[in-house]
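Listing of entry-v1.csv; format and content: CSV, N, CA and C atoms.
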chain,number,residue,atom,x,y,z
Z,1,MET,N,0.8,-1.2,0.0
Z,1,MET,CA,0.0,0.0,0.0
Z,1,MET,C,0.9,1.2,0.0
Z,2,ALA,N,0.5,2.2,-0.8
Z,2,ALA,CA,1.2,3.4,-0.8
Z,2,ALA,C,0.7,4.4,0.2
Z,3,LEU,N,1.6,5.3,0.7
Z,3,LEU,CA,1.2,6.2,1.7
Z,3,LEU,C,1.9,7.5,1.6
Z,4,LYS,N,1.2,8.6,2.0
Z,4,LYS,CA,1.9,9.9,2.1
Z,4,LYS,C,2.9,9.8,3.2
Z,5,GLN,N,4.0,10.5,3.1
Z,5,GLN,CA,5.1,10.4,4.1
Z,5,GLN,C,4.6,10.8,5.4
Z,6,ASN,N,4.6,9.9,6.3
Z,6,ASN,CA,4.2,10.0,7.7
Z,6,ASN,C,5.0,9.1,8.6
Z,7,PRO,N,6.1,9.5,9.2
Z,7,PRO,CA,7.0,8.6,9.9
Z,7,PRO,C,6.2,7.7,11.0
Z,8,ALA,N,5.2,8.3,11.6
Z,8,ALA,CA,4.5,7.6,12.7
Z,8,ALA,C,3.8,6.4,12.1
Z,9,ALA,N,3.3,6.5,10.8
Z,9,ALA,CA,2.5,5.4,10.3
Z,9,ALA,C,3.3,4.5,9.3
Z,10,ALA,N,4.5,4.8,9.0
Z,10,ALA,CA,5.3,4.1,8.0
Z,10,ALA,C,5.7,2.7,8.5
Z,11,VAL,N,5.7,1.8,7.5
Z,11,VAL,CA,6.2,0.5,7.7
Z,11,VAL,C,7.6,0.4,7.0
Z,12,ASP,N,8.5,-0.3,7.7
Z,12,ASP,CA,9.9,-0.4,7.1
Z,12,ASP,C,9.9,-1.3,5.9
Z,13,GLY,N,10.0,-0.6,4.7
Z,13,GLY,CA,10.0,-1.3,3.5
Z,13,GLY,C,11.2,-2.2,3.2
Z,14,SER,N,12.3,-2.0,3.9
Z,14,SER,CA,13.5,-2.8,3.7
Z,14,SER,C,13.3,-4.2,4.1
Z,15,LYS,N,12.3,-4.4,5.0
Z,15,LYS,CA,12.0,-5.8,5.5
Z,15,LYS,C,11.0,-6.5,4.5
Z,16,LEU,N,10.5,-5.9,3.5
Z,16,LEU,CA,9.6,-6.5,2.6
Z,16,LEU,C,10.4,-7.2,1.5
Z,17,HIS,N,9.8,-8.3,0.9
Z,17,HIS,CA,10.4,-9.0,-0.2
Z,17,HIS,C,10.6,-7.9,-1.3
Z,18,LYS,N,11.6,-8.1,-2.1
Z,18,LYS,CA,12.0,-7.2,-3.2
Z,18,LYS,C,10.8,-7.0,-4.1
Z,19,MET,N,10.0,-8.0,-4.4
Z,19,MET,CA,8.9,-7.9,-5.4
Z,19,MET,C,7.8,-7.0,-4.8
Z,20,LYS,N,7.8,-6.8,-3.5
Z,20,LYS,CA,6.7,-6.0,-2.8
Z,20,LYS,C,7.2,-4.6,-2.5
Z,21,GLN,N,8.4,-4.2,-2.9
Z,21,GLN,CA,8.9,-2.9,-2.7
Z,21,GLN,C,8.6,-2.0,-3.9
Z,22,THR,N,8.3,-0.7,-3.6
Z,22,THR,CA,7.9,0.2,-4.6
Z,22,THR,C,9.0,1.3,-4.8
Z,23,THR,N,8.9,2.0,-5.9
Z,23,THR,CA,9.8,3.1,-6.2
Z,23,THR,C,9.6,4.2,-5.2
Z,24,LEU,N,8.4,4.4,-4.7
Z,24,LEU,CA,8.1,5.5,-3.8
Z,24,LEU,C,8.6,5.1,-2.3
Z,25,GLY,N,8.7,3.8,-2.0
Z,25,GLY,CA,9.1,3.4,-0.7
Z,25,GLY,C,8.1,3.8,0.4
Z,26,LEU,N,6.9,3.8,0.1
Z,26,LEU,CA,5.8,4.2,1.1
Z,26,LEU,C,4.9,3.0,1.4
Z,27,TYR,N,4.7,2.6,2.6
Z,27,TYR,CA,4.0,1.5,3.0
Z,27,TYR,C,3.2,1.7,4.3
Z,28,VAL,N,2.0,1.0,4.4
Z,28,VAL,CA,1.2,1.1,5.6
Z,28,VAL,C,0.6,-0.3,5.8
Z,29,THR,N,0.2,-0.6,7.1
Z,29,THR,CA,-0.6,-1.8,7.4
Z,29,THR,C,-2.0,-1.6,7.0
Z,30,ALA,N,-2.8,-2.6,6.9
Z,30,ALA,CA,-4.2,-2.5,6.6
Z,30,ALA,C,-4.9,-1.6,7.7
Z,31,ALA,N,-4.6,-1.8,8.9
Z,31,ALA,CA,-5.2,-1.0,10.0
Z,31,ALA,C,-4.9,0.5,9.8
Z,32,GLN,N,-3.6,0.8,9.5
Z,32,GLN,CA,-3.2,2.2,9.2
Z,32,GLN,C,-3.9,2.8,8.0
Z,33,ALA,N,-4.1,2.0,7.0
Z,33,ALA,CA,-4.7,2.4,5.7
Z,33,ALA,C,-6.2,2.8,6.1
Z,34,TYR,N,-6.9,1.9,6.8
Z,34,TYR,CA,-8.3,2.2,7.2
Z,34,TYR,C,-8.4,3.5,8.0
Z,35,GLU,N,-7.5,3.7,8.9
Z,35,GLU,CA,-7.5,5.0,9.7
Z,35,GLU,C,-7.3,6.2,8.8
Z,36,MET,N,-6.3,6.1,7.9
Z,36,MET,CA,-6.1,7.2,6.9
Z,36,MET,C,-7.3,7.5,6.1
Z,37,TRP,N,-8.0,6.4,5.6
Z,37,TRP,CA,-9.2,6.6,4.8
Z,37,TRP,C,-10.3,7.3,5.6
Z,38,LYS,N,-10.5,6.8,6.8
Z,38,LYS,CA,-11.5,7.2,7.7
Z,38,LYS,C,-11.3,8.7,8.0
Z,39,ALA,N,-10.1,9.2,8.2
Z,39,ALA,CA,-9.7,10.6,8.5
Z,39,ALA,C,-10.0,11.5,7.4
Z,40,ALA,N,-9.9,11.0,6.1
Z,40,ALA,CA,-10.0,11.9,5.0
Z,40,ALA,C,-10.5,11.2,3.7
Z,41,PRO,N,-11.8,10.7,3.8
Z,41,PRO,CA,-12.3,9.8,2.7
Z,41,PRO,C,-12.3,10.5,1.3
Z,42,ASP,N,-12.4,11.9,1.3
Z,42,ASP,CA,-12.4,12.6,0.0
Z,42,ASP,C,-11.0,12.7,-0.6
Z,43,LYS,N,-10.0,12.6,0.2
Z,43,LYS,CA,-8.6,12.7,-0.3
Z,43,LYS,C,-7.9,11.4,-0.4
Z,44,VAL,N,-8.4,10.4,0.2
Z,44,VAL,CA,-7.7,9.1,0.3
Z,44,VAL,C,-8.5,8.1,-0.5
Z,45,LYS,N,-7.9,7.5,-1.6
Z,45,LYS,CA,-8.6,6.6,-2.4
Z,45,LYS,C,-8.0,5.2,-2.2
Z,46,VAL,N,-8.8,4.2,-2.0
Z,46,VAL,CA,-8.4,2.8,-1.9
Z,46,VAL,C,-8.5,2.1,-3.2
Z,47,ILE,N,-7.4,1.7,-3.8
Z,47,ILE,CA,-7.4,1.1,-5.2
Z,47,ILE,C,-7.0,-0.4,-5.0
Z,48,ASP,N,-7.9,-1.2,-5.4
Z,48,ASP,CA,-7.7,-2.7,-5.3
Z,48,ASP,C,-7.4,-3.2,-6.7
Z,49,VAL,N,-6.1,-3.6,-6.9
Z,49,VAL,CA,-5.7,-4.0,-8.2
Z,49,VAL,C,-5.9,-5.5,-8.6
Z,50,ARG,N,-6.6,-6.2,-7.7
Z,50,ARG,CA,-6.8,-7.6,-8.1
Z,50,ARG,C,-7.8,-7.7,-9.2
Z,51,THR,N,-7.9,-8.9,-9.8
Z,51,THR,CA,-8.8,-9.2,-10.9
Z,51,THR,C,-10.3,-8.9,-10.4
Z,52,PRO,N,-11.2,-8.6,-11.4
Z,52,PRO,CA,-12.6,-8.5,-11.0
Z,52,PRO,C,-13.1,-9.7,-10.3
Z,53,GLU,N,-12.7,-10.9,-10.6
Z,53,GLU,CA,-13.2,-12.1,-10.0
Z,53,GLU,C,-12.8,-12.1,-8.5
Z,54,GLU,N,-11.5,-11.8,-8.2
Z,54,GLU,CA,-11.0,-11.7,-6.8
Z,54,GLU,C,-11.8,-10.7,-6.0
Z,55,PHE,N,-12.0,-9.5,-6.7
Z,55,PHE,CA,-12.7,-8.4,-6.0
Z,55,PHE,C,-14.1,-8.8,-5.7
Z,56,ALA,N,-14.8,-9.5,-6.6
Z,56,ALA,CA,-16.2,-9.8,-6.4
Z,56,ALA,C,-16.4,-11.0,-5.5
Z,57,PHE,N,-15.6,-12.1,-5.6
Z,57,PHE,CA,-15.8,-13.3,-5.0
Z,57,PHE,C,-15.0,-13.5,-3.7
Z,58,VAL,N,-13.9,-12.9,-3.6
Z,58,VAL,CA,-13.0,-13.1,-2.4
Z,58,VAL,C,-13.4,-12.0,-1.3
Z,59,GLY,N,-13.9,-10.8,-1.8
Z,59,GLY,CA,-14.3,-9.7,-1.0
Z,59,GLY,C,-13.3,-8.6,-1.1
Z,60,HIS,N,-13.8,-7.4,-0.6
Z,60,HIS,CA,-13.0,-6.2,-0.7
Z,60,HIS,C,-13.5,-5.2,0.3
Z,61,PRO,N,-12.7,-4.2,0.6
Z,61,PRO,CA,-13.1,-3.1,1.5
Z,61,PRO,C,-14.2,-2.4,0.8
Z,62,GLU,N,-15.3,-2.0,1.6
Z,62,GLU,CA,-16.4,-1.3,1.0
Z,62,GLU,C,-16.1,0.0,0.2
Z,63,MET,N,-15.0,0.7,0.6
Z,63,MET,CA,-14.6,1.9,0.0
Z,63,MET,C,-13.7,1.7,-1.2
Z,64,ALA,N,-13.3,0.5,-1.5
Z,64,ALA,CA,-12.3,0.2,-2.5
Z,64,ALA,C,-12.8,0.4,-4.0
Z,65,TRP,N,-12.0,0.9,-4.8
Z,65,TRP,CA,-12.3,0.9,-6.3
Z,65,TRP,C,-11.5,-0.2,-6.9
Z,66,ASN,N,-12.1,-1.1,-7.7
Z,66,ASN,CA,-11.4,-2.1,-8.4
Z,66,ASN,C,-10.9,-1.6,-9.7
Z,67,MET,N,-9.6,-1.5,-9.8
Z,67,MET,CA,-8.8,-1.1,-10.9
Z,67,MET,C,-7.8,-2.2,-11.2
Z,68,PRO,N,-8.2,-3.2,-11.9
Z,68,PRO,CA,-7.3,-4.4,-12.1
Z,68,PRO,C,-6.0,-4.0,-12.8
Z,69,LEU,N,-5.0,-4.5,-12.3
Z,69,LEU,CA,-3.7,-4.4,-13.0
Z,69,LEU,C,-3.6,-5.3,-14.2
Z,70,ALA,N,-4.4,-6.4,-14.1
Z,70,ALA,CA,-4.4,-7.4,-15.2
Z,70,ALA,C,-5.7,-8.1,-15.2
Z,71,PHE,N,-6.1,-8.7,-16.3
Z,71,PHE,CA,-7.3,-9.5,-16.4
Z,71,PHE,C,-6.8,-10.9,-16.7
Z,72,VAL,N,-7.6,-11.9,-16.4
Z,72,VAL,CA,-7.3,-13.3,-16.6
Z,72,VAL,C,-8.1,-13.8,-17.8
Z,73,SER,N,-7.5,-14.4,-18.8
Z,73,SER,CA,-8.2,-15.0,-19.9
Z,73,SER,C,-8.2,-16.5,-19.7
Z,74,TYR,N,-9.3,-17.1,-20.0
Z,74,TYR,CA,-9.4,-18.5,-19.8
Z,74,TYR,C,-9.7,-19.2,-21.2
Z,75,GLN,N,-9.1,-20.4,-21.3
Z,75,GLN,CA,-9.3,-21.1,-22.6
Z,75,GLN,C,-9.5,-22.6,-22.2
Z,76,ARG,N,-10.3,-23.2,-22.9
Z,76,ARG,CA,-10.5,-24.7,-22.7
Z,76,ARG,C,-10.0,-25.4,-24.0
Z,77,THR,N,-9.0,-26.2,-23.8
Z,77,THR,CA,-8.5,-27.0,-25.0
Z,77,THR,C,-8.3,-28.4,-24.6
Z,78,GLY,N,-8.9,-29.3,-25.4
Z,78,GLY,CA,-8.8,-30.7,-25.1
Z,78,GLY,C,-9.3,-31.1,-23.7
Z,79,GLY,N,-10.3,-30.5,-23.2
Z,79,GLY,CA,-10.9,-30.8,-22.0
Z,79,GLY,C,-10.2,-30.2,-20.8
Z,80,LYS,N,-9.1,-29.4,-21.0
Z,80,LYS,CA,-8.4,-28.8,-19.9
Z,80,LYS,C,-8.5,-27.3,-20.0
Z,81,PHE,N,-8.5,-26.6,-18.9
Z,81,PHE,CA,-8.5,-25.2,-18.8
Z,81,PHE,C,-7.1,-24.7,-18.7
Z,82,THR,N,-6.8,-23.6,-19.4
Z,82,THR,CA,-5.6,-22.9,-19.2
Z,82,THR,C,-6.0,-21.4,-19.0
Z,83,TYR,N,-5.1,-20.7,-18.3
Z,83,TYR,CA,-5.4,-19.3,-18.1
Z,83,TYR,C,-4.1,-18.5,-18.1
Z,84,ALA,N,-4.2,-17.2,-18.4
Z,84,ALA,CA,-3.0,-16.4,-18.5
Z,84,ALA,C,-3.4,-14.9,-18.2
Z,85,PRO,N,-2.6,-14.2,-17.4
Z,85,PRO,CA,-2.9,-12.8,-17.1
Z,85,PRO,C,-2.7,-12.0,-18.4
Z,86,GLN,N,-3.5,-11.0,-18.6
Z,86,GLN,CA,-3.4,-10.0,-19.7
Z,86,GLN,C,-3.3,-8.7,-19.0
Z,87,PRO,N,-2.2,-7.9,-19.2
Z,87,PRO,CA,-2.1,-6.6,-18.6
Z,87,PRO,C,-3.2,-5.7,-18.9
Z,88,ASN,N,-3.6,-4.9,-18.0
Z,88,ASN,CA,-4.7,-3.9,-18.2
Z,88,ASN,C,-4.0,-2.6,-18.7
Z,89,ALA,N,-4.0,-2.4,-20.0
Z,89,ALA,CA,-3.3,-1.2,-20.6
Z,89,ALA,C,-3.9,0.1,-20.2
Z,90,ALA,N,-5.1,0.0,-19.7
Z,90,ALA,CA,-5.8,1.3,-19.3
Z,90,ALA,C,-5.7,1.5,-17.8
Z,91,PHE,N,-4.9,0.8,-17.1
Z,91,PHE,CA,-4.8,0.9,-15.6
Z,91,PHE,C,-4.6,2.3,-15.1
Z,92,VAL,N,-3.6,3.0,-15.6
Z,92,VAL,CA,-3.3,4.3,-15.1
Z,92,VAL,C,-4.4,5.3,-15.5
Z,93,ALA,N,-4.9,5.2,-16.7
Z,93,ALA,CA,-6.0,6.0,-17.2
Z,93,ALA,C,-7.3,5.8,-16.3
Z,94,GLN,N,-7.5,4.6,-15.9
Z,94,GLN,CA,-8.7,4.3,-15.1
Z,94,GLN,C,-8.5,5.0,-13.7
Z,95,VAL,N,-7.4,4.9,-13.1
Z,95,VAL,CA,-7.1,5.5,-11.8
Z,95,VAL,C,-7.3,7.0,-12.0
Z,96,LYS,N,-6.8,7.6,-13.0
Z,96,LYS,CA,-6.9,9.1,-13.2
Z,96,LYS,C,-8.3,9.5,-13.4
Z,97,GLU,N,-9.2,8.6,-13.7
Z,97,GLU,CA,-10.6,9.0,-13.8
Z,97,GLU,C,-11.2,9.3,-12.4
Z,98,ILE,N,-10.7,8.7,-11.3
Z,98,ILE,CA,-11.2,8.8,-10.0
Z,98,ILE,C,-10.3,9.5,-9.0
Z,99,ALA,N,-9.0,9.7,-9.4
Z,99,ALA,CA,-8.1,10.3,-8.5
Z,99,ALA,C,-7.2,11.4,-9.2
Z,100,LYS,N,-6.8,12.3,-8.4
Z,100,LYS,CA,-5.8,13.3,-8.8
Z,100,LYS,C,-4.5,13.0,-8.2
Z,101,PRO,N,-3.4,13.5,-8.9
Z,101,PRO,CA,-2.0,13.3,-8.3
Z,101,PRO,C,-1.9,13.8,-6.9
Z,102,SER,N,-2.7,14.7,-6.5
Z,102,SER,CA,-2.6,15.2,-5.1
Z,102,SER,C,-3.3,14.4,-4.1
Z,103,ASP,N,-4.1,13.4,-4.6
Z,103,ASP,CA,-4.8,12.5,-3.7
Z,103,ASP,C,-3.8,11.4,-3.1
Z,104,ILE,N,-4.1,10.9,-2.0
Z,104,ILE,CA,-3.4,9.8,-1.4
Z,104,ILE,C,-4.0,8.5,-1.9
Z,105,LEU,N,-3.2,7.7,-2.5
Z,105,LEU,CA,-3.7,6.4,-3.0
Z,105,LEU,C,-3.2,5.3,-2.1
Z,106,LEU,N,-4.1,4.4,-1.7
Z,106,LEU,CA,-3.7,3.2,-0.9
Z,106,LEU,C,-4.0,2.1,-1.9
Z,107,VAL,N,-3.0,1.5,-2.4
Z,107,VAL,CA,-3.1,0.4,-3.4
Z,107,VAL,C,-2.9,-0.9,-2.7
Z,108,THR,N,-3.9,-1.8,-3.0
Z,108,THR,CA,-3.9,-3.1,-2.3
Z,108,THR,C,-4.1,-4.2,-3.3
Z,109,CYS,N,-3.7,-5.4,-2.9
Z,109,CYS,CA,-3.9,-6.7,-3.7
Z,109,CYS,C,-4.0,-7.8,-2.6
Z,110,ARG,N,-3.8,-9.0,-3.1
Z,110,ARG,CA,-3.8,-10.2,-2.2
Z,110,ARG,C,-2.6,-10.2,-1.3
Z,111,SER,N,-1.4,-10.1,-1.9
Z,111,SER,CA,-0.2,-10.3,-1.1
Z,111,SER,C,0.9,-9.2,-1.2
Z,112,GLY,N,0.7,-8.2,-2.0
Z,112,GLY,CA,1.6,-7.1,-2.1
Z,112,GLY,C,2.4,-7.0,-3.4
Z,113,GLY,N,2.5,-8.0,-4.2
Z,113,GLY,CA,3.3,-8.0,-5.4
Z,113,GLY,C,2.6,-7.1,-6.5
Z,114,ARG,N,1.3,-7.4,-6.7
Z,114,ARG,CA,0.6,-6.6,-7.8
Z,114,ARG,C,0.4,-5.1,-7.3
Z,115,SER,N,0.2,-4.9,-6.0
Z,115,SER,CA,0.0,-3.5,-5.6
Z,115,SER,C,1.3,-2.8,-5.8
Z,116,ALA,N,2.5,-3.4,-5.6
Z,116,ALA,CA,3.8,-2.8,-5.8
Z,116,ALA,C,3.9,-2.4,-7.3
Z,117,MET,N,3.5,-3.3,-8.2
Z,117,MET,CA,3.6,-3.0,-9.6
Z,117,MET,C,2.7,-1.8,-9.9
Z,118,GLY,N,1.5,-1.8,-9.3
Z,118,GLY,CA,0.6,-0.7,-9.6
Z,118,GLY,C,1.1,0.6,-9.1
Z,119,VAL,N,1.7,0.6,-7.9
Z,119,VAL,CA,2.2,1.8,-7.3
Z,119,VAL,C,3.3,2.3,-8.3
Z,120,ASN,N,4.2,1.4,-8.8
Z,120,ASN,CA,5.3,1.8,-9.6
Z,120,ASN,C,4.7,2.5,-10.9
Z,121,GLN,N,3.7,1.9,-11.5
Z,121,GLN,CA,3.1,2.5,-12.7
Z,121,GLN,C,2.5,3.9,-12.4
Z,122,LEU,N,1.8,4.0,-11.3
Z,122,LEU,CA,1.2,5.3,-10.9
Z,122,LEU,C,2.3,6.3,-10.6
Z,123,ALA,N,3.3,5.9,-10.0
Z,123,ALA,CA,4.4,6.8,-9.7
Z,123,ALA,C,5.0,7.4,-11.0
Z,124,ALA,N,5.2,6.5,-11.9
Z,124,ALA,CA,5.7,6.9,-13.2
Z,124,ALA,C,4.8,7.9,-14.0
Z,125,ALA,N,3.5,7.8,-13.6
Z,125,ALA,CA,2.5,8.7,-14.2
Z,125,ALA,C,2.3,10.0,-13.4
Z,126,GLY,N,3.1,10.2,-12.3
Z,126,GLY,CA,3.0,11.4,-11.6
Z,126,GLY,C,2.4,11.4,-10.2
Z,127,PHE,N,1.9,10.2,-9.8
Z,127,PHE,CA,1.3,10.1,-8.5
Z,127,PHE,C,2.4,9.9,-7.5
Z,128,THR,N,2.4,10.6,-6.4
Z,128,THR,CA,3.5,10.5,-5.4
Z,128,THR,C,3.1,10.2,-4.0
Z,129,LYS,N,1.8,10.1,-3.7
Z,129,LYS,CA,1.3,9.9,-2.4
Z,129,LYS,C,0.5,8.6,-2.3
What's the structure tokens form of this structure?
Amino acid sequence: MALKQNPAAAVDGSKLHKMKQTTLGLYVTAAQAYEMWKAAPDKVKVIDVRTPEEFAFVGHPEMAWNMPLAFVSYQRTGGKFTYAPQPNAAFVAQVKEIAKPSDILLVTCRSGGRSAMGVNQLAAAGFTK
């Protein structure tokens, strides 16, 4: 999860797996993210980058926006199913529809890897909080 610089709320990113680290180096716990959203719901956006299936069937925070980093395509061949992720080329544009670069974005997924990739894409597009 990305976070505005706040030393009291920061999580030590150096202890995270390399795949879960972001270019911004800003991290919070789920409890800290909820408190941040509760304190400023108009300025703090919760972006869930999981697939629509995960968002719908596994569950999500009520205030979260589903902006998938990738979609899953399914194929059935010879009686077996195969699937593969397809990147969401519109990810950054979709986030820009609901958030401004001055907003605080809390980006979440199942385990942190996809949210780190999402944060990195958003940082490259000018989001810094």
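Distance check against Thr128 in chain Z using all atoms listed in the file: of Z:Ala30, Z:Met19, Z:Leu24, Z:Val44, the minimum falls on Z:Leu24.
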message = Residues near Phe91 in chain Z, anyone? I mean within 7 Å using only N, CA and C atoms, not counting same-chain ones fewer than 4 positions away, as a PyMOL selection string.
response = chain Z and resi 67-69+87+95-96
Selection near Ser115 in chain Z, 7 Å with all atoms listed in the file, sequence-local residues under 6 positions removed, as a count of residues only = 6
query = Among range 44-103 of chain Z, which residues carry a DSSP assignment of helix (DSSP H, G or I), reported as a count of residues only?
reply = 14
Between atom C of Ser73 in chain Z and atom N of Leu122 in chain Z, distance in Å (one decimal) = 24.3 Å
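Nearest residue to Lys100 in chain Z, choosing from Z:Pro61, Z:Pro52, Z:Gly79, Z:Gly126 and counting all atoms listed in the file: Z:Gly126.
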note = Judged by all atoms listed in the file, the minimum distance to Asn88 in chain Z among Z:Ala70, Z:Ala116, Z:Val46, Z:Leu16 is found for Z:Ala70
message = Can you pull out every residue from range 32-71 of chain Z that DSSP, working from the backbone, puts in strand (DSSP E or B), and format the result as a PyMOL selection string?
response = chain Z and resi 44-48+64-66+70-71
inquiry  = Please list as a list of chain:residue names every residue within 7 Å of range 13-15 of chain Z, counting all atoms listed in the file and excluding residues in the same chain fewer than 4 positions away.
reply    = Z:Gln21, Z:Gly25, Z:Leu26, Z:Tyr27
ask   = What is the distance, in Å and to one decimal place, between atom N of Ala99 in chain Z and CA of Val11 in chain Z?
value = 24.7 Å
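Of note, atom C of Ile98 in chain Z and CA of Ile47 in chain Z are spaced 9.7 Å apart.
The smallest atom-to-atom distance between Thr29 in chain Z and any of Z:Arg50, Z:Leu106, Z:Phe57, Z:Gln86, using only C-alpha atoms, is found for Z:Leu106.
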message = Using only N, CA and C atoms for the distances, tell me which of Z:Glu53, Z:Glu97, Z:Trp37, Z:His60 is nearest to Val72 in chain Z.
response = Z:Glu53
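Nearest to Leu105 in chain Z of all the residues Z:Lys80, Z:Lys129, Z:Ala89, Z:Gly118 is Z:Lys129, based on all atoms listed in the file.
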